[in-house]
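> Sharing work-v3.cif here; it has mmCIF, C-alpha atoms.
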data_data
#
loop_
_atom_site.label_atom_id
_atom_site.label_comp_id
_atom_site.auth_asym_id
_atom_site.auth_seq_id
_atom_site.Cartn_x
_atom_site.Cartn_y
_atom_site.Cartn_z
CA MET A 74 -19.07 17.51 96.83
CA ASP A 75 -16.11 18.23 94.53
CA ARG A 76 -16.14 20.25 91.32
CA LEU A 77 -16.29 17.19 89.03
CA GLU A 78 -19.46 15.97 90.72
CA ILE A 79 -20.99 19.44 90.54
CA GLY A 80 -20.16 19.59 86.83
CA ILE A 81 -21.73 16.20 86.12
CA ILE A 82 -24.85 17.10 88.09
CA SER A 83 -25.08 20.42 86.22
CA VAL A 84 -24.97 18.67 82.83
CA VAL A 85 -27.62 16.14 83.89
CA VAL A 86 -29.90 18.85 85.31
CA SER A 87 -29.48 20.92 82.13
CA LEU A 88 -30.50 17.97 79.95
CA VAL A 89 -33.52 17.25 82.16
CA LEU A 90 -34.67 20.88 82.06
CA LEU A 91 -34.28 20.99 78.28
CA ALA A 92 -36.18 17.70 77.97
CA ILE A 93 -39.15 19.18 79.81
CA ARG A 94 -39.04 22.20 77.47
CA VAL A 95 -37.62 24.82 79.81
CA PRO A 96 -36.25 27.63 77.60
CA ILE A 97 -32.55 27.23 76.82
CA GLY A 98 -31.58 30.66 78.17
CA LEU A 99 -33.39 30.13 81.46
CA THR A 100 -31.84 26.65 81.79
CA LEU A 101 -28.29 27.89 81.27
CA ILE A 102 -28.72 30.87 83.59
CA SER A 103 -30.24 28.87 86.45
CA VAL A 104 -27.79 25.95 86.24
CA SER A 105 -24.81 28.29 85.95
CA PHE A 106 -25.99 30.41 88.87
CA VAL A 107 -26.44 27.40 91.17
CA GLY A 108 -23.18 25.85 89.96
CA ILE A 109 -21.13 28.99 90.65
CA GLY A 110 -22.80 29.31 94.04
CA ALA A 111 -21.90 25.71 94.93
CA VAL A 112 -18.31 25.94 93.66
CA ALA A 113 -17.44 29.44 94.88
CA SER A 114 -20.04 31.31 96.91
CA TRP A 115 -23.54 32.71 96.51
CA LYS A 116 -22.11 36.21 96.66
CA ALA A 117 -19.87 35.40 93.69
CA ALA A 118 -22.86 33.91 91.84
CA TRP A 119 -24.90 37.09 92.36
CA GLY A 120 -21.91 39.17 91.24
CA VAL A 121 -21.59 37.23 87.99
CA LEU A 122 -25.35 37.36 87.38
CA SER A 123 -25.42 41.13 87.84
CA SER A 124 -22.37 41.97 85.71
CA ILE A 125 -21.86 39.44 82.90
CA PRO A 126 -25.22 39.88 81.05
CA TYR A 127 -24.75 43.66 80.87
CA SER A 128 -21.08 43.50 79.86
CA PHE A 129 -21.94 41.04 77.07
CA ALA A 130 -25.04 42.84 75.81
CA ALA A 131 -23.25 46.20 75.90
CA SER A 132 -20.53 44.94 73.52
CA TRP A 133 -19.96 47.37 70.65
CA GLU A 134 -19.46 44.52 68.17
CA LEU A 135 -22.96 43.18 68.86
CA SER A 136 -24.47 46.39 67.54
CA ALA A 137 -23.71 45.01 64.07
CA VAL A 138 -26.51 42.46 64.56
CA PRO A 139 -29.47 44.90 64.54
CA MET A 140 -27.88 46.78 61.64
CA PHE A 141 -27.68 43.69 59.44
CA LEU A 142 -31.15 42.60 60.54
CA LEU A 143 -32.48 46.04 59.59
CA MET A 144 -30.72 45.86 56.23
CA GLY A 145 -32.22 42.45 55.47
CA TYR A 146 -35.69 43.45 56.66
CA ILE A 147 -35.76 46.60 54.53
CA ALA A 148 -34.40 44.69 51.53
CA ALA A 149 -37.19 42.12 51.85
CA ARG A 150 -40.04 44.53 52.65
CA GLY A 151 -38.82 47.04 50.04
CA GLN A 152 -38.95 44.27 47.41
CA LEU A 153 -35.23 44.56 46.67
CA THR A 154 -35.08 40.76 46.75
CA SER A 155 -38.14 40.03 44.60
CA GLY A 156 -36.14 40.05 41.36
CA LEU A 157 -33.45 37.66 42.59
CA PHE A 158 -35.28 34.45 41.83
CA GLY A 159 -36.40 35.71 38.42
CA ALA A 160 -32.84 36.67 37.45
CA MET A 161 -31.40 33.36 38.64
CA ARG A 162 -34.20 31.51 36.83
CA VAL A 163 -33.21 33.19 33.58
CA LEU A 164 -29.49 32.60 34.19
CA PHE A 165 -29.78 28.86 34.93
CA ASN A 166 -32.69 28.08 32.61
CA TRP A 167 -30.60 25.60 30.59
CA MET A 168 -29.64 23.40 33.57
CA PRO A 169 -31.41 20.24 34.79
CA GLY A 170 -33.53 21.17 37.79
CA SER A 171 -33.17 24.82 36.81
CA LEU A 172 -35.74 26.15 39.28
CA ALA A 173 -34.08 24.37 42.21
CA VAL A 174 -30.65 25.60 41.06
CA ALA A 175 -32.06 29.13 40.79
CA SER A 176 -33.47 28.80 44.32
CA VAL A 177 -30.05 27.93 45.76
CA SER A 178 -28.39 30.81 43.90
CA ALA A 179 -31.05 33.29 45.01
CA SER A 180 -30.75 32.02 48.59
CA ALA A 181 -27.00 32.63 48.53
CA LEU A 182 -27.53 36.20 47.35
CA PHE A 183 -30.31 36.87 49.85
CA ALA A 184 -28.19 35.39 52.65
CA SER A 185 -25.57 38.02 51.91
CA ALA A 186 -28.12 40.67 52.83
CA SER A 187 -30.10 39.05 55.64
CA GLY A 188 -27.38 37.25 57.63
CA SER A 189 -30.02 34.86 58.93
CA SER A 190 -30.81 31.27 57.93
CA VAL A 191 -34.41 31.59 59.08
CA ALA A 192 -34.99 34.80 57.12
CA THR A 193 -33.41 33.30 53.99
CA SER A 194 -35.59 30.19 54.14
CA ALA A 195 -38.74 32.19 54.88
CA ALA A 196 -38.18 34.68 52.06
CA LEU A 197 -37.38 32.13 49.34
CA SER A 198 -40.05 29.63 50.42
CA ARG A 199 -42.75 32.15 49.49
CA ILE A 200 -41.30 32.72 46.03
CA ALA A 201 -39.52 29.57 44.89
CA VAL A 202 -41.53 26.68 46.36
CA PRO A 203 -44.84 27.63 44.64
CA GLU A 204 -42.98 28.04 41.33
CA MET A 205 -41.36 24.61 41.62
CA LEU A 206 -44.64 22.95 42.58
CA ARG A 207 -46.40 24.59 39.62
CA ALA A 208 -43.68 23.14 37.39
CA ASN A 209 -44.44 19.64 38.79
CA TYR A 210 -41.23 19.40 40.80
CA SER A 211 -41.15 16.80 43.55
CA LYS A 212 -42.40 18.24 46.85
CA SER A 213 -39.40 16.78 48.66
CA LEU A 214 -36.99 18.43 46.21
CA ALA A 215 -38.80 21.79 46.31
CA THR A 216 -38.99 22.05 50.09
CA GLY A 217 -35.66 20.33 50.76
CA THR A 218 -33.85 22.72 48.43
CA ILE A 219 -35.10 25.78 50.32
CA ALA A 220 -34.49 24.20 53.74
CA ALA A 221 -30.90 23.32 52.83
CA ALA A 222 -30.15 26.57 51.00
CA GLY A 223 -31.42 28.56 53.98
CA THR A 224 -28.42 27.37 56.00
CA LEU A 225 -26.23 29.54 53.77
CA GLY A 226 -27.35 32.46 55.93
CA ALA A 227 -25.12 31.14 58.71
CA LEU A 228 -22.05 30.97 56.45
CA ILE A 229 -22.19 33.75 53.90
CA PRO A 230 -21.40 37.17 55.40
CA PRO A 231 -22.83 39.19 56.99
CA SER A 232 -23.68 36.17 59.13
CA ILE A 233 -25.27 37.06 62.46
CA LEU A 234 -23.95 33.81 63.94
CA MET A 235 -20.42 34.90 63.02
CA VAL A 236 -20.95 38.18 64.85
CA VAL A 237 -22.10 36.37 68.00
CA TYR A 238 -19.25 33.84 67.69
CA GLY A 239 -16.70 36.63 67.28
CA VAL A 240 -17.98 38.41 70.40
CA PHE A 241 -17.93 35.19 72.46
CA THR A 242 -14.41 34.19 71.38
CA ASN A 243 -12.89 37.69 71.12
CA THR A 244 -12.24 37.09 67.41
CA ALA A 245 -12.18 39.95 64.90
CA ILE A 246 -15.48 39.88 63.01
CA GLY A 247 -14.10 41.31 59.75
CA PRO A 248 -11.73 38.36 59.12
CA LEU A 249 -14.53 35.97 60.11
CA PHE A 250 -16.75 37.47 57.42
CA ILE A 251 -14.00 37.21 54.81
CA ALA A 252 -13.28 33.61 55.85
CA GLY A 253 -16.94 32.68 55.38
CA ILE A 254 -17.16 33.70 51.71
CA ILE A 255 -15.38 30.73 50.10
CA PRO A 256 -17.00 28.04 52.34
CA GLY A 257 -20.39 29.62 51.67
CA LEU A 258 -19.88 29.61 47.90
CA LEU A 259 -18.52 26.05 47.99
CA THR A 260 -21.56 24.92 49.98
CA ALA A 261 -23.92 26.57 47.50
CA GLY A 262 -21.99 24.92 44.65
CA ALA A 263 -22.28 21.52 46.37
CA PHE A 264 -26.04 22.00 46.73
CA ILE A 265 -26.35 22.85 43.03
CA LEU A 266 -24.20 19.89 42.00
CA MET A 267 -26.29 17.56 44.16
CA ILE A 268 -29.52 18.84 42.59
CA ILE A 269 -28.19 18.34 39.05
CA VAL A 270 -26.94 14.82 39.79
CA ARG A 271 -30.20 13.77 41.46
CA VAL A 272 -32.33 15.19 38.64
CA MET A 273 -30.18 13.47 36.00
CA ILE A 274 -30.51 10.15 37.84
CA ASP A 275 -34.26 10.54 38.39
CA PRO A 276 -35.79 13.03 35.90
CA ARG A 277 -39.19 12.63 37.57
CA LEU A 278 -37.96 14.86 40.42
CA ALA A 279 -37.84 17.90 38.13
CA PRO A 280 -39.41 17.78 34.65
CA ARG A 281 -37.15 19.39 32.06
CA HIS A 282 -38.65 22.48 30.50
CA THR A 283 -36.41 25.02 28.81
CA GLU A 284 -38.20 28.30 28.24
CA ALA A 285 -37.46 30.47 25.25
CA ILE A 286 -36.29 33.73 26.84
CA SER A 287 -35.72 36.76 24.67
CA ALA A 288 -32.84 39.17 25.13
CA ARG A 289 -35.34 41.81 26.25
CA ASP A 290 -36.72 39.52 28.97
CA ARG A 291 -33.18 38.72 30.13
CA ARG A 292 -32.33 42.40 30.45
CA ALA A 293 -35.56 43.05 32.34
CA ALA A 294 -34.87 40.17 34.74
CA PHE A 295 -31.35 41.33 35.57
CA MET A 296 -32.38 44.99 35.84
CA GLY A 297 -34.86 43.96 38.53
CA ALA A 298 -32.17 42.21 40.56
CA TRP A 299 -29.29 44.72 40.54
CA PRO A 300 -30.02 46.66 43.80
CA LEU A 301 -29.26 43.82 46.23
CA PRO A 302 -25.90 42.71 44.74
CA VAL A 303 -24.75 46.34 44.59
CA MET A 304 -25.70 46.85 48.25
CA VAL A 305 -23.97 43.66 49.34
CA LEU A 306 -20.80 44.41 47.38
CA ALA A 307 -20.65 47.86 48.98
CA VAL A 308 -20.99 46.39 52.49
CA LEU A 309 -18.49 43.55 52.05
CA GLY A 310 -16.17 45.71 49.96
CA THR A 311 -15.81 48.31 52.71
CA ILE A 312 -15.08 45.56 55.26
CA MET A 313 -12.52 43.77 53.08
CA ALA A 314 -10.83 47.05 52.14
CA GLY A 315 -10.56 48.03 55.80
CA ILE A 316 -12.59 51.18 55.22
CA ALA A 317 -15.33 50.28 57.70
CA THR A 318 -15.79 47.99 60.69
CA PRO A 319 -18.58 45.39 60.50
CA THR A 320 -20.81 47.64 62.61
CA GLU A 321 -20.17 50.64 60.38
CA ALA A 322 -20.68 48.47 57.29
CA GLY A 323 -23.98 47.25 58.73
CA ALA A 324 -25.12 50.85 59.20
CA LEU A 325 -23.98 51.64 55.65
CA GLY A 326 -25.93 48.66 54.33
CA ALA A 327 -29.09 49.66 56.21
CA ALA A 328 -28.79 53.24 54.89
CA MET A 329 -28.28 51.98 51.33
CA ALA A 330 -31.26 49.64 51.68
CA ILE A 331 -33.46 52.57 52.75
CA LEU A 332 -32.31 54.70 49.80
CA LEU A 333 -32.70 51.89 47.26
CA ALA A 334 -36.11 50.94 48.61
CA ALA A 335 -37.21 54.58 48.47
#
Please express the file's structure as structure tokens.


Amino acid sequence: MDRLEIGIISVVVSLVLLAIRVPIGLTLISVSFVGIGAVASWKAAWGVLSSIPYSFAASWELSAVPMFLLMGYIAARGQLTSGLFGAMRVLFNWMPGSLAVASVSASALFASASGSSVATSAALSRIAVPEMLRANYSKSLATGTIAAAGTLGALIPPSILMVVYGVFTNTAIGPLFIAGIIPGLLTAGAFILMIIVRVMIDPRLAPRHTEAISARDRRAAFMGAWPLPVMVLAVLGTIMAGIATPTEAGALGAAMAILLAA
């Protein structure tokens, strides 16, 4: 059996295992192990299995992942993110579909602290979806907005996916973070534009209601949202200025989150 046949069989077996709901990690490990054993030798397969997982998991760059996760978790549990939606709601009150627009903006800001699409969607779904439903927004618009905006966590730094990608491809993580800023902001802008266009075409999706917000209420809303942007700017600023590596910036962000939450 030549290598091409082994490769084809490996792909087919992988798809079958995934189809019967074998975990992805276990599927890849088992198929790779058998494939290396068939192509090279079983001794080589055992050597790879015993060395590669440790050498990958022991990568210094990967230590940025738990730091950014810790920063996002503390920011959420310490209620540093609770004022985001309120501030964005005040800022975009005049727009069609203002609550949905505010949800996208708040998701973008929260993504810059959590680094995770799942965490972004979970955090904003508890805050924004009930508000939109109370305002008689379409259920599809309310839930679809949060589901789509949650993907910003994979683009806007500090993206955990970018850290993993950088480790896999031996790419510097700092430039990856910087490169993700503009695409992330453009994606958020496209989401907002799509919401406005859809609401203008079909006003039933989001009833127009402009609240009269006093200057005092505006100040209160923005004062409740300042900790997270300051923390994020400090983290990304140190990376872009070359002062700190992504791992060091993650530790700085987690420390700042603890102090701000306290």

> Go through stretch 175-279 of chain A residue by residue and, counting all atoms listed in the file, keep those with an atom at most 8 Å from stretch 144-166 of chain A; for each kept residue give the shortest atom pair and its distance in Å to one decimal, ordered by chain and increasing number, as CSV.


residue,atom,partner,partner_atom,distance
A:Ala175,CA,A:Met161,CA,4.8
A:Ser176,CA,A:Phe158,CA,6.4
A:Ser178,CA,A:Met161,CA,6.6
A:Ala179,CA,A:Phe158,CA,5.4
A:Leu182,CA,A:Leu157,CA,7.7
A:Phe183,CA,A:Thr154,CA,6.9
A:Ala186,CA,A:Gly145,CA,5.2
A:Ser187,CA,A:Gly145,CA,4.0
A:Gly188,CA,A:Gly145,CA,7.4
A:Ala196,CA,A:Ala149,CA,7.5
A:Ile200,CA,A:Phe158,CA,7.5
A:Ala201,CA,A:Phe158,CA,7.2

> A:Gly80, A:Pro230, A:Gly315, A:Gly217: which is nearest A:Phe250, counting only C-alpha atoms?

A:Pro230

> When the PyMOL selection byres ((chain A and resi 269) around 10) is applied to the structure above, which residues does it catch, written out as a ChimeraX atom specification?

/A:168-171,173-174,263-268,270-276,279

> What residues come out when you apply the PyMOL selection byres ((chain A and resi 104-120) around 10) to this file, written as a ChimeraX atom specification?

/A:74-76,79-80,82-84,86-87,90,99-103,121-125

> Would you write out, as number ranges by chain, every residue that the PyMOL selection byres ((chain A and resi 319) around 9) captures in this file?

A: 134, 137, 231, 236, 246-247, 250, 308-309, 311-312, 317-318, 320-324

> Measure the distance from atom CA of A:Lys212 to atom CA of A:Thr224 in Å and round it to one decimal.

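Pair atom CA of A:Lys212 / atom CA of A:Thr224 returns 19.0 Å.
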
> Work out how far atom CA of A:Gly98 is from atom CA of A:Leu135, in Å to one decimal.

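Atom-to-atom, atom CA of A:Leu135 to atom CA of A:Gly98, that is 17.8 Å.
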
> Looking at A:Ala327, A:Ala220, A:Leu214, A:Leu228, which one is nearest to A:Ser194, with distances taken over all atoms listed in the file?

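Among A:Ala327, A:Ala220, A:Leu214, A:Leu228, it is A:Ala220 that comes nearest to A:Ser194.
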
> What does the structure give for the distance between atom CA of A:Ala222 and atom CA of A:Met313, in Å to one decimal?

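Straight-line distance from atom CA of A:Ala222 to atom CA of A:Met313 works out to 24.7 Å.
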